[in-house]
>>> print(open('protein_10.csv').read())   # CSV, C-alpha atoms
chain,number,residue,atom,x,y,z
A,1,MET,CA,18.6,-5.6,124.9
A,2,GLN,CA,20.9,-3.7,127.2
A,3,PHE,CA,21.8,-5.0,130.7
A,4,PRO,CA,20.0,-2.2,132.6
A,5,GLU,CA,16.8,-3.0,130.6
A,6,VAL,CA,17.1,-6.7,131.5
A,7,LEU,CA,17.6,-5.7,135.1
A,8,GLY,CA,14.5,-3.4,134.9
A,9,LEU,CA,12.4,-6.2,133.5
A,10,LEU,CA,13.6,-8.6,136.1
A,11,LYS,CA,12.8,-6.0,138.8
A,12,MET,CA,9.3,-5.6,137.5
A,13,GLY,CA,8.8,-9.4,137.3
A,14,LEU,CA,9.9,-9.7,140.9
A,15,GLU,CA,7.5,-6.9,141.9
A,16,VAL,CA,4.6,-8.7,140.4
A,17,LEU,CA,5.6,-11.9,142.1
A,18,ALA,CA,6.0,-10.1,145.4
A,19,LEU,CA,2.6,-8.4,144.9
A,20,VAL,CA,0.9,-11.8,144.3
A,21,ILE,CA,2.6,-13.5,147.3
A,22,THR,CA,1.9,-10.6,149.8
A,23,PHE,CA,-1.7,-10.4,148.5
A,24,ILE,CA,-2.2,-14.1,149.1
A,25,ALA,CA,-0.7,-13.7,152.6
A,26,PHE,CA,-3.1,-10.8,153.1
A,27,LEU,CA,-6.1,-13.1,152.1
A,28,ILE,CA,-5.0,-15.8,154.5
A,29,SER,CA,-4.4,-13.3,157.4
A,30,TYR,CA,-7.8,-11.7,156.7
A,31,LYS,CA,-9.5,-15.1,156.7
A,32,GLY,CA,-7.6,-15.9,159.9
A,33,TYR,CA,-9.1,-12.7,161.4
A,34,SER,CA,-12.6,-13.5,160.2
A,35,VAL,CA,-12.4,-17.0,161.8
A,36,THR,CA,-10.5,-16.4,165.0
A,37,ARG,CA,-11.1,-12.7,165.6
A,38,ARG,CA,-7.6,-12.5,167.0
A,39,PRO,CA,-5.9,-9.1,166.6
A,40,VAL,CA,-2.6,-10.7,165.5
A,41,PHE,CA,-4.4,-11.5,162.2
A,42,ALA,CA,-5.7,-8.0,161.9
A,43,ARG,CA,-2.2,-6.7,162.2
A,44,LEU,CA,-0.8,-9.2,159.7
A,45,SER,CA,-3.7,-8.3,157.3
A,46,PHE,CA,-2.7,-4.6,157.5
A,47,ALA,CA,1.0,-5.6,157.1
A,48,PHE,CA,0.5,-7.6,154.0
A,49,ILE,CA,-2.1,-5.3,152.3
A,50,PHE,CA,0.4,-2.4,152.8
A,51,LEU,CA,3.3,-4.5,151.4
A,52,SER,CA,1.1,-5.5,148.4
A,53,THR,CA,0.3,-1.8,147.8
A,54,ASN,CA,4.0,-1.0,148.0
A,55,PHE,CA,4.9,-3.6,145.4
A,56,LEU,CA,2.0,-2.4,143.1
A,57,LEU,CA,3.2,1.2,143.4
A,58,GLN,CA,6.8,0.1,142.7
A,59,PHE,CA,5.5,-1.6,139.6
A,60,PHE,CA,3.6,1.5,138.5
A,61,SER,CA,6.7,3.6,139.2
A,62,ASP,CA,8.7,1.4,136.8
A,63,ILE,CA,6.0,1.7,134.2
A,64,PHE,CA,5.9,5.5,134.5
A,65,SER,CA,9.7,5.5,134.3
A,66,LEU,CA,9.6,3.4,131.1
A,67,LEU,CA,7.0,5.9,129.7
A,68,GLU,CA,9.3,8.7,130.8
A,69,TYR,CA,6.8,10.2,133.2
A,70,PHE,CA,9.7,10.7,135.7
A,71,ALA,CA,7.7,13.0,138.1
A,72,LEU,CA,4.9,10.4,138.4
A,73,SER,CA,7.5,7.6,138.8
A,74,TYR,CA,9.2,9.6,141.6
A,75,TYR,CA,5.9,10.2,143.5
A,76,SER,CA,4.9,6.5,143.1
A,77,ILE,CA,8.2,5.4,144.7
A,78,VAL,CA,7.8,7.9,147.5
A,79,ILE,CA,4.2,6.6,148.3
A,80,SER,CA,5.3,3.0,147.8
A,81,SER,CA,8.2,3.6,150.3
A,82,PHE,CA,5.6,4.9,152.8
A,83,PHE,CA,3.4,1.8,152.4
A,84,GLU,CA,6.5,-0.4,152.7
A,85,MET,CA,7.3,1.3,155.9
A,86,LEU,CA,3.7,0.8,157.2
A,87,GLY,CA,3.8,-2.9,156.2
A,88,PHE,CA,7.0,-3.7,158.0
A,89,PHE,CA,5.8,-1.5,160.9
A,90,PHE,CA,2.8,-3.7,161.4
A,91,ILE,CA,5.0,-6.9,161.4
A,92,ALA,CA,7.3,-5.2,163.9
A,93,PHE,CA,4.3,-3.9,165.9
A,94,SER,CA,2.9,-7.5,166.1
A,95,HIS,CA,6.2,-8.5,167.8
A,96,MET,CA,6.1,-5.4,170.0
A,97,ILE,CA,2.6,-6.4,171.2
A,98,ARG,CA,3.7,-10.0,171.9
A,99,VAL,CA,6.8,-8.8,173.7
A,100,TYR,CA,4.8,-6.2,175.7
A,101,HIS,CA,2.7,-9.1,177.1
A,102,GLU,CA,6.0,-10.6,178.3
A,103,HIS,CA,7.0,-7.3,180.1
A,104,ARG,CA,9.9,-6.3,177.9
A,105,PHE,CA,10.4,-3.0,176.0
A,106,SER,CA,11.6,-1.8,172.6
A,107,LEU,CA,13.9,1.0,171.4
A,108,LEU,CA,13.4,4.3,169.4
A,109,THR,CA,13.5,5.5,165.8
A,110,LEU,CA,15.6,7.4,163.2
A,111,VAL,CA,14.8,10.6,161.1
A,112,THR,CA,16.1,11.9,157.8
A,113,ILE,CA,14.8,14.6,155.3
A,114,ASN,CA,14.5,12.8,152.0
A,115,PRO,CA,11.1,11.0,152.2
A,116,VAL,CA,12.3,7.9,150.3
A,117,ILE,CA,15.3,7.6,152.6
A,118,ALA,CA,13.2,8.4,155.7
A,119,PHE,CA,10.7,5.6,154.9
A,120,LYS,CA,13.5,3.2,153.9
A,121,THR,CA,15.3,3.9,157.2
A,122,LEU,CA,12.2,3.3,159.2
A,123,SER,CA,11.5,0.1,157.2
A,124,LEU,CA,15.1,-1.0,158.1
A,125,TYR,CA,14.5,-0.3,161.7
A,126,PHE,CA,11.2,-2.1,161.8
A,127,ILE,CA,12.5,-5.0,159.7
A,128,PHE,CA,15.6,-5.5,161.9
A,129,TYR,CA,13.4,-5.4,165.0
A,130,ALA,CA,11.1,-8.1,163.4
A,131,VAL,CA,14.2,-10.2,162.5
A,132,LEU,CA,15.4,-10.0,166.1
A,133,GLU,CA,12.0,-10.9,167.5
A,134,SER,CA,11.6,-13.8,165.0
A,135,MET,CA,14.9,-15.2,166.1
A,136,ILE,CA,13.9,-15.0,169.7
A,137,SER,CA,10.7,-16.8,168.8
A,138,TYR,CA,12.7,-19.5,167.0
A,139,PHE,CA,14.7,-20.1,170.2
A,140,LYS,CA,11.5,-20.4,172.1
A,141,MET,CA,9.4,-22.4,169.6
A,142,ARG,CA,12.1,-24.3,167.7
A,143,SER,CA,10.1,-24.2,164.5
A,144,LYS,CA,12.3,-24.5,161.5
A,145,THR,CA,10.0,-22.4,159.3
A,146,ILE,CA,10.6,-19.4,161.6
A,147,ILE,CA,14.3,-19.6,160.4
A,148,LEU,CA,13.0,-19.2,156.8
A,149,THR,CA,10.9,-16.1,157.8
A,150,VAL,CA,14.1,-14.7,159.5
A,151,LEU,CA,16.0,-15.3,156.3
A,152,GLY,CA,13.2,-13.8,154.2
A,153,LEU,CA,13.1,-10.7,156.4
A,154,THR,CA,16.9,-10.5,156.2
A,155,GLY,CA,16.6,-10.7,152.4
A,156,PHE,CA,14.1,-7.8,152.4
A,157,SER,CA,16.3,-5.8,154.8
A,158,LEU,CA,19.4,-6.3,152.6
A,159,ASN,CA,17.3,-5.3,149.6
A,160,ILE,CA,16.2,-2.1,151.4
A,161,LEU,CA,19.7,-1.4,152.7
A,162,LEU,CA,21.3,-1.8,149.2
A,163,SER,CA,18.6,0.3,147.6
A,164,TRP,CA,19.1,2.9,150.3
A,165,ILE,CA,22.9,3.0,149.7
A,166,SER,CA,22.4,3.0,145.9
A,167,GLU,CA,20.6,6.4,146.3
A,168,PHE,CA,24.0,7.9,147.1
A,169,SER,CA,26.2,5.7,144.8
A,170,VAL,CA,27.9,6.8,141.6
A,171,TYR,CA,27.5,3.3,140.1
A,172,PRO,CA,24.3,2.1,141.6
A,173,ILE,CA,23.7,-0.8,139.1
A,174,ILE,CA,25.8,-3.4,140.9
A,175,LEU,CA,24.1,-2.6,144.2
A,176,GLN,CA,20.7,-2.8,142.5
A,177,VAL,CA,21.6,-6.3,141.1
A,178,PHE,CA,22.4,-7.5,144.6
A,179,ALA,CA,19.3,-5.7,146.0
A,180,LEU,CA,17.2,-7.7,143.5
A,181,VAL,CA,18.9,-11.0,144.4
A,182,PHE,CA,18.2,-10.4,148.1
A,183,GLN,CA,14.6,-9.3,147.3
A,184,ALA,CA,14.1,-12.6,145.3
A,185,PHE,CA,15.5,-14.5,148.3
A,186,GLY,CA,13.1,-12.7,150.6
A,187,ILE,CA,10.1,-13.4,148.4
A,188,ILE,CA,10.9,-17.1,148.2
A,189,ALA,CA,11.3,-17.4,152.0
A,190,PHE,CA,8.0,-15.5,152.6
A,191,PHE,CA,6.3,-17.9,150.2
A,192,VAL,CA,7.1,-21.0,152.5
A,193,PRO,CA,4.4,-20.3,155.2
A,194,ILE,CA,1.9,-19.8,152.4
A,195,TRP,CA,2.9,-23.0,150.8
A,196,ILE,CA,2.7,-24.8,154.2
A,197,TYR,CA,-0.8,-23.4,154.7
A,198,TYR,CA,-2.1,-24.7,151.4
A,199,ARG,CA,-0.3,-28.0,151.8
A,200,SER,CA,-2.3,-28.7,155.0
A,201,PHE,CA,-5.5,-28.9,152.9
A,202,ARG,CA,-4.3,-32.0,151.0
B,1,MET,CA,6.5,-17.3,181.8
B,2,MET,CA,2.8,-18.4,181.7
B,3,SER,CA,0.9,-16.5,179.0
B,4,TYR,CA,-2.7,-15.4,179.3
B,5,ARG,CA,-5.1,-17.8,177.5
B,6,HIS,CA,-7.6,-16.1,175.3
B,7,GLN,CA,-11.1,-17.4,174.6
B,8,VAL,CA,-10.2,-19.0,171.2
B,9,ARG,CA,-7.3,-20.8,172.8
B,10,ILE,CA,-9.5,-22.1,175.7
B,11,VAL,CA,-12.1,-23.3,173.2
B,12,SER,CA,-9.4,-25.2,171.1
B,13,ASP,CA,-8.0,-26.7,174.3
B,14,ILE,CA,-11.4,-28.0,175.2
B,15,LEU,CA,-12.1,-29.3,171.7
B,16,LEU,CA,-8.7,-31.1,171.8
B,17,ALA,CA,-9.5,-32.7,175.1
B,18,VAL,CA,-13.0,-33.7,173.7
B,19,LYS,CA,-11.3,-35.1,170.6
B,20,GLU,CA,-9.1,-37.4,172.7
B,21,GLY,CA,-12.3,-39.2,173.8
B,22,HIS,CA,-13.0,-40.4,170.3
B,23,GLU,CA,-16.4,-42.1,169.8
B,24,ASP,CA,-16.9,-42.9,173.5
B,25,GLY,CA,-16.7,-39.2,174.5
B,26,VAL,CA,-15.1,-37.6,177.5
B,27,GLY,CA,-16.6,-36.8,181.0
B,28,VAL,CA,-16.6,-33.4,182.6
B,29,ALA,CA,-14.0,-34.2,185.3
B,30,GLN,CA,-11.5,-35.4,182.6
B,31,LEU,CA,-12.2,-32.3,180.5
B,32,MET,CA,-11.6,-30.0,183.5
B,33,ARG,CA,-8.3,-31.6,184.1
B,34,LYS,CA,-7.1,-31.8,180.5
B,35,ALA,CA,-8.3,-28.3,179.5
B,36,ASN,CA,-7.2,-26.8,182.9
B,37,ILE,CA,-10.5,-25.0,183.4
B,38,SER,CA,-13.1,-24.5,186.2
B,39,TYR,CA,-16.4,-26.4,186.2
B,40,THR,CA,-18.6,-23.4,185.8
B,41,ARG,CA,-16.6,-22.0,182.9
B,42,LEU,CA,-16.3,-25.4,181.2
B,43,ILE,CA,-20.1,-26.0,181.4
B,44,LYS,CA,-20.8,-22.5,180.0
B,45,ILE,CA,-18.4,-23.0,177.0
B,46,LEU,CA,-19.5,-26.6,176.4
B,47,ASN,CA,-23.2,-25.4,176.2
B,48,GLU,CA,-22.1,-22.8,173.6
B,49,LEU,CA,-20.1,-25.4,171.7
B,50,ILE,CA,-23.1,-27.8,171.7
B,51,SER,CA,-25.4,-25.0,170.5
B,52,VAL,CA,-23.2,-24.2,167.5
B,53,GLY,CA,-22.7,-27.9,166.7
B,54,LEU,CA,-19.0,-28.3,167.5
B,55,VAL,CA,-19.6,-30.8,170.3
B,56,GLU,CA,-22.4,-33.2,171.0
B,57,GLU,CA,-23.6,-34.5,174.4
B,58,ILE,CA,-24.1,-38.2,175.1
B,59,ARG,CA,-26.4,-38.8,178.1
B,60,ASP,CA,-27.2,-42.0,179.9
B,61,GLU,CA,-28.7,-42.7,183.3
B,62,ARG,CA,-25.4,-42.3,185.2
B,63,SER,CA,-23.3,-39.8,183.3
B,64,ARG,CA,-22.9,-37.1,180.8
B,65,ARG,CA,-20.2,-37.4,178.2
B,66,TYR,CA,-19.1,-35.1,175.3
B,67,ARG,CA,-18.0,-36.1,171.8
B,68,ILE,CA,-16.5,-33.9,169.1
B,69,THR,CA,-18.6,-33.5,165.9
B,70,TYR,CA,-17.3,-33.3,162.3
B,71,LEU,CA,-17.8,-29.5,162.4
B,72,GLY,CA,-15.7,-29.5,165.6
B,73,LEU,CA,-12.9,-31.4,163.9
B,74,GLU,CA,-13.0,-28.9,161.0
B,75,TYR,CA,-12.8,-26.0,163.4
B,76,LEU,CA,-9.8,-27.6,165.1
B,77,ALA,CA,-8.0,-28.2,161.8
B,78,GLU,CA,-8.7,-24.6,160.8
B,79,TYR,CA,-7.5,-23.3,164.1
B,80,GLU,CA,-4.3,-25.4,163.8
B,81,ARG,CA,-3.7,-24.0,160.2
B,82,PHE,CA,-4.0,-20.4,161.3
B,83,SER,CA,-2.0,-21.0,164.4
B,84,THR,CA,0.9,-22.5,162.3
B,85,PHE,CA,0.6,-19.6,159.8
B,86,ALA,CA,1.1,-17.1,162.7
B,87,ARG,CA,3.8,-19.2,164.3
B,88,ASN,CA,5.8,-19.3,161.0
B,89,PHE,CA,6.1,-15.6,161.3
B,90,GLY,CA,7.3,-15.9,164.9
B,91,LEU,CA,3.9,-14.8,166.2
B,92,GLU,CA,1.2,-16.5,168.4
B,93,ILE,CA,-2.5,-16.3,167.9
>>> encode(input="protein_10.csv", output="structure tokens")
Amino acid sequence: MQFPEVLGLLKMGLEVLALVITFIAFLISYKGYSVTRRPVFARLSFAFIFLSTNFLLQFFSDIFSLLEYFALSYYSIVISSFFEMLGFFFIAFSHMIRVYHEHRFSLLTLVTINPVIAFKTLSLYFIFYAVLESMISYFKMRSKTIILTVLGLTGFSLNILLSWISEFSVYPIILQVFALVFQAFGIIAFFVPIWIYYRSFR
Amino acid sequence: MMSYRHQVRIVSDILLAVKEGHEDGVGVAQLMRKANISYTRLIKILNELISVGLVEEIRDERSRRYRITYLGLEYLAEYERFSTFARNFGLEI
């Protein structure tokens, strides 16, 4: 098996893992909303269901690519980028709402023409904002698990950044390897709050 | 900066205060102080909590005391779990 094929399989495996983790996070958030009726859980539910959809569509895109339906693969990745952007938007939006209640304000957005790059750019903006606000939350709450969330979001942001750069690169394979490593890191860090939630039942 | 307390938070503050009374229960004055809430609002919420079975009232000739039920403890544990989940993403319920 060639190296790009191994990389492709690894990418698909990570997408399935990310799909499962974000879907579990969606179920917890939705249950949180059903129990507490707090809007923060509604926003987290939207964030995680959109991120799940993104990973599902990324997986489909890889399948279409393997089957050489390149047009379908391209449209899947465009739609998945849109859902990814929506997912991170809702995480950032949750922070915006929290910050709004503390009488502070946030900044503006970026625009490009290619839809994949446009959505990835918006994702980067939202994710960096979420990282920043999570760090501020850490300094206020001093909870060590927030650091893991910060690291997870940073992993996802580096993944998006490298995928974004690889769109313009002549040799994108090295960037894609690092992008996968950062994505794996992000997934593991995002898994920690879920693990803590389930551990509390014991 | 003091943040605005929503209803779910107030209920959990009251339940926590009731829980501290263990088996003997807690009186209204102590609850008002610990949950930082007015008498009228406390009584209204306590009546709601009693009606849904989260708190029970112990009455004698001289006083009224409140004790948390098993369901109340379950509710508090659930609240704490969701609160931690949100906090781990840097958010607050």
>>> interface_residues(input="protein_10.csv", of="chain B", to="chain A", cutoff="8 Å", atoms="all atoms listed in the file", output="mmCIF file with C-alpha atoms, in the coordinates of the input")
data_model
loop_
_atom_site.group_PDB
_atom_site.id
_atom_site.type_symbol
_atom_site.label_atom_id
_atom_site.label_comp_id
_atom_site.auth_asym_id
_atom_site.auth_seq_id
_atom_site.Cartn_x
_atom_site.Cartn_y
_atom_site.Cartn_z
ATOM 1 C CA MET B 1 6.500 -17.300 181.800
ATOM 2 C CA SER B 3 0.900 -16.500 179.000
ATOM 3 C CA VAL B 8 -10.200 -19.000 171.200
ATOM 4 C CA TYR B 79 -7.500 -23.300 164.100
ATOM 5 C CA ARG B 81 -3.700 -24.000 160.200
ATOM 6 C CA PHE B 82 -4.000 -20.400 161.300
ATOM 7 C CA THR B 84 0.900 -22.500 162.300
ATOM 8 C CA PHE B 85 0.600 -19.600 159.800
ATOM 9 C CA ALA B 86 1.100 -17.100 162.700
ATOM 10 C CA ARG B 87 3.800 -19.200 164.300
ATOM 11 C CA ASN B 88 5.800 -19.300 161.000
ATOM 12 C CA PHE B 89 6.100 -15.600 161.300
ATOM 13 C CA GLY B 90 7.300 -15.900 164.900
ATOM 14 C CA LEU B 91 3.900 -14.800 166.200
ATOM 15 C CA GLU B 92 1.200 -16.500 168.400
ATOM 16 C CA ILE B 93 -2.500 -16.300 167.900
#
>>> closest_residue(input="protein_10.csv", among="B:Arg65, B:Val11, B:Arg59, B:Leu49", to="Val28 (chain B)", atoms="all atoms listed in the file")
B:Arg65
>>> closest_residue(input="protein_10.csv", among="B:Ile45, B:Ala77, B:Val52, B:Ile58", to="Val26 (chain B)", atoms="all atoms listed in the file")
B:Ile58
>>> atom_distance(input="protein_10.csv", atom1="CA of Tyr30 (chain A)", atom2="CA of Ala42 (chain A)")
6.7 Å
>>> atom_distance(input="protein_10.csv", atom1="CA of Lys34 (chain B)", atom2="CA of Ser12 (chain B)")
11.7 Å
>>> atom_distance(input="protein_10.csv", atom1="CA of Arg43 (chain A)", atom2="CA of Leu27 (chain A)")
12.6 Å
